[in-house]
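A.B. asks: Encoded as structure tokens, here's the structure I'll be asking about.
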Amino acid sequence: MHYSDNQQIGDMGELIVKKEFIKLFKWPCRGQEIDLGIDAEFEVMLEDNSSSGKIVKVQIKSTNTPFKDGANTIYPDREHIEYWKKITTPVILCAVNVESEEILWKVIDADFNYDTPKGAKIELDRTTDRLTKASKLKLEKIAADGNNVLASLAKTTMNSLQSFIDSSGGRMVINRQSKIFRTACR
């Protein structure tokens, strides 16, 4: 059997990401036993280090080539991006330089078009997308918001409700457990 350079680089990248999530945020980062396009997941912990139940999936791309200032481009397969967009848990992409242990990351936006004429492309900026302690608040928000599923559903519901209110002259009747509430909605 042969343990290729690419396998070694990939395994080192996964270990570096797990280590950095623990070191920077004190959050567990669990590897996926079976790799189907997701390498790991982390869980946001509460202030008392108890579990929050808020999980984000992580796809890791490793390299031994140094990142440059400005845009660093990853070219994932289109089918991987479509898969990540379908997952109901948020997904982030982490690019790892195994020599410097620097990590760049970006959330996979289900509404964003990553296609180019030459294939799918994700750009990570070394200044704005570097994983640091300051990333914690953004990652907590991503974990709390989910993969836009609930936000999208809430927006659709609110738009429908507003259309109904507008068409009924600004009054809405809500029936809850046989009690009728009249609410002025303007």
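Residue numbers start at 1 in each chain; chains themselves are named A, B, ... in the order of the structure tokens; ligands are numbered from 1 in the order shown.
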Using only C-alpha atoms, determine which residues lie at most 10 Å from His80 of chain A, disregarding the query and same-chain residues fewer than 4 positions distant; provide the list as a list in words.
C.D. replies: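 In the requested form, the answer reads Leu36, Gly37, Ile38, Gln59, Pro76, Trp84, Lys85, Lys86 and Ala120 of chain A.
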A.B. asks: So that I can see what lies close to Arg126 of chain A, please list as a list of chain:residue names the residues with an atom at most 6 Å from it, counting only C-alpha atoms and leaving out residues fewer than 2 positions away in the same chain.
C.D. replies: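 Selected residues are A:Asp69, A:Gly70, A:Thr128, A:Asp129, A:Arg130.
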A.B. asks: Those selected residues, please, written with N, CA and C atoms and delivered as a PDB file, in the first residue's frame.
C.D. replies:
ATOM      1  N   ASP A  69      -1.569  37.192  -0.722  1.00  0.00           N
ATOM      2  CA  ASP A  69      -2.430  38.299  -0.315  1.00  0.00           C
ATOM      3  C   ASP A  69      -3.465  38.514  -1.408  1.00  0.00           C
ATOM      4  N   GLY A  70      -4.683  38.850  -1.022  1.00  0.00           N
ATOM      5  CA  GLY A  70      -5.762  39.004  -1.991  1.00  0.00           C
ATOM      6  C   GLY A  70      -6.499  37.693  -2.170  1.00  0.00           C
ATOM      7  N   THR A 128      -9.736  39.035   4.817  1.00  0.00           N
ATOM      8  CA  THR A 128     -11.093  38.989   5.386  1.00  0.00           C
ATOM      9  C   THR A 128     -11.580  37.589   5.724  1.00  0.00           C
ATOM     10  N   ASP A 129     -10.973  36.554   5.144  1.00  0.00           N
ATOM     11  CA  ASP A 129     -11.472  35.186   5.326  1.00  0.00           C
ATOM     12  C   ASP A 129     -10.532  34.305   6.159  1.00  0.00           C
ATOM     13  N   ARG A 130      -9.574  34.884   6.836  1.00  0.00           N
ATOM     14  CA  ARG A 130      -8.643  34.112   7.663  1.00  0.00           C
ATOM     15  C   ARG A 130      -9.343  33.689   8.955  1.00  0.00           C
TER      16      ARG A 130
END
A.B. asks: Using only C-alpha atoms, find the one residue out of A:Lys61, A:Lys106, A:Lys26, A:Arg78 that sits nearest to Glu47 of chain A.
C.D. replies: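 When distances to Glu47 of chain A are compared using only C-alpha atoms, the smallest one comes from A:Lys26.
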A.B. asks: Which distance in Å separates atom CA of Thr89 of chain A and atom CA of Lys138 of chain A, to one decimal?
C.D. replies: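 Taking atom CA of Thr89 of chain A and atom CA of Lys138 of chain A, their separation equals 15.4 Å.
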A.B. asks: Contacts of Phe21 of chain A at 12 Å or less, counting only C-alpha atoms, minus same-chain residues fewer than 5 places along, as a list of chain:residue names?
C.D. replies: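 Answer for this query is A:Glu14, A:Leu15, A:Ile16, A:Lys26, A:Trp27, A:Pro28, A:Cys29, A:Arg30, A:Ala40, A:Glu41, A:Phe42, A:Glu43, A:Val44, A:Met45, A:Val56, A:Val58, A:Cys94, A:Ile103, A:Leu131, A:Thr132, A:Lys133, A:Ser135, A:Lys136, A:Leu139.
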A.B. asks: Rank nothing, just name the residue among A:Glu101, A:Glu140, A:Asp115, A:Asp35 nearest to Val17 of chain A, using only C-alpha atoms.
C.D. replies: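 For Val17 of chain A, the nearest of the given residues is A:Glu101.
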A.B. asks: From the list A:Thr63, A:Asp109, A:Phe25, A:Tyr83, which residue is nearest Leu46 of chain A when using only C-alpha atoms?
C.D. replies: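 Once distances to Leu46 of chain A are computed over only C-alpha atoms, the minimum belongs to A:Phe25.
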A.B. asks: Which residues in segment 34-159 of chain A does DSSP call helix (DSSP H, G or I)? List them as number ranges by chain.
C.D. replies: A: 78-86, 133-145, 149-159
A.B. asks: Nearest to Val98 of chain A among A:Gly31, A:Pro66, A:Gly146, A:Pro117, with distances taken over only C-alpha atoms: which residue is it?
C.D. replies: A:Pro66
A.B. asks: Hey, can you check how far atom CA of Lys68 of chain A sits from atom CA of Trp105 of chain A?
C.D. replies: 14.3 Å
A.B. asks: Which of chain A counts as strand (DSSP E) under DSSP, as an MDAnalysis selection string please?
C.D. replies: chainID A and resid 29:31 40:45 51:63 71:74 91:97 102:107 115:116 119:120 122:125 171:176 179:184
A.B. asks: Counting only C-alpha atoms, which residue out of A:Ala134, A:Ile9, A:Ile81, A:Ala144 sits closest to Asp111 of chain A?
C.D. replies: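 Nearest to Asp111 of chain A: A:Ile81.
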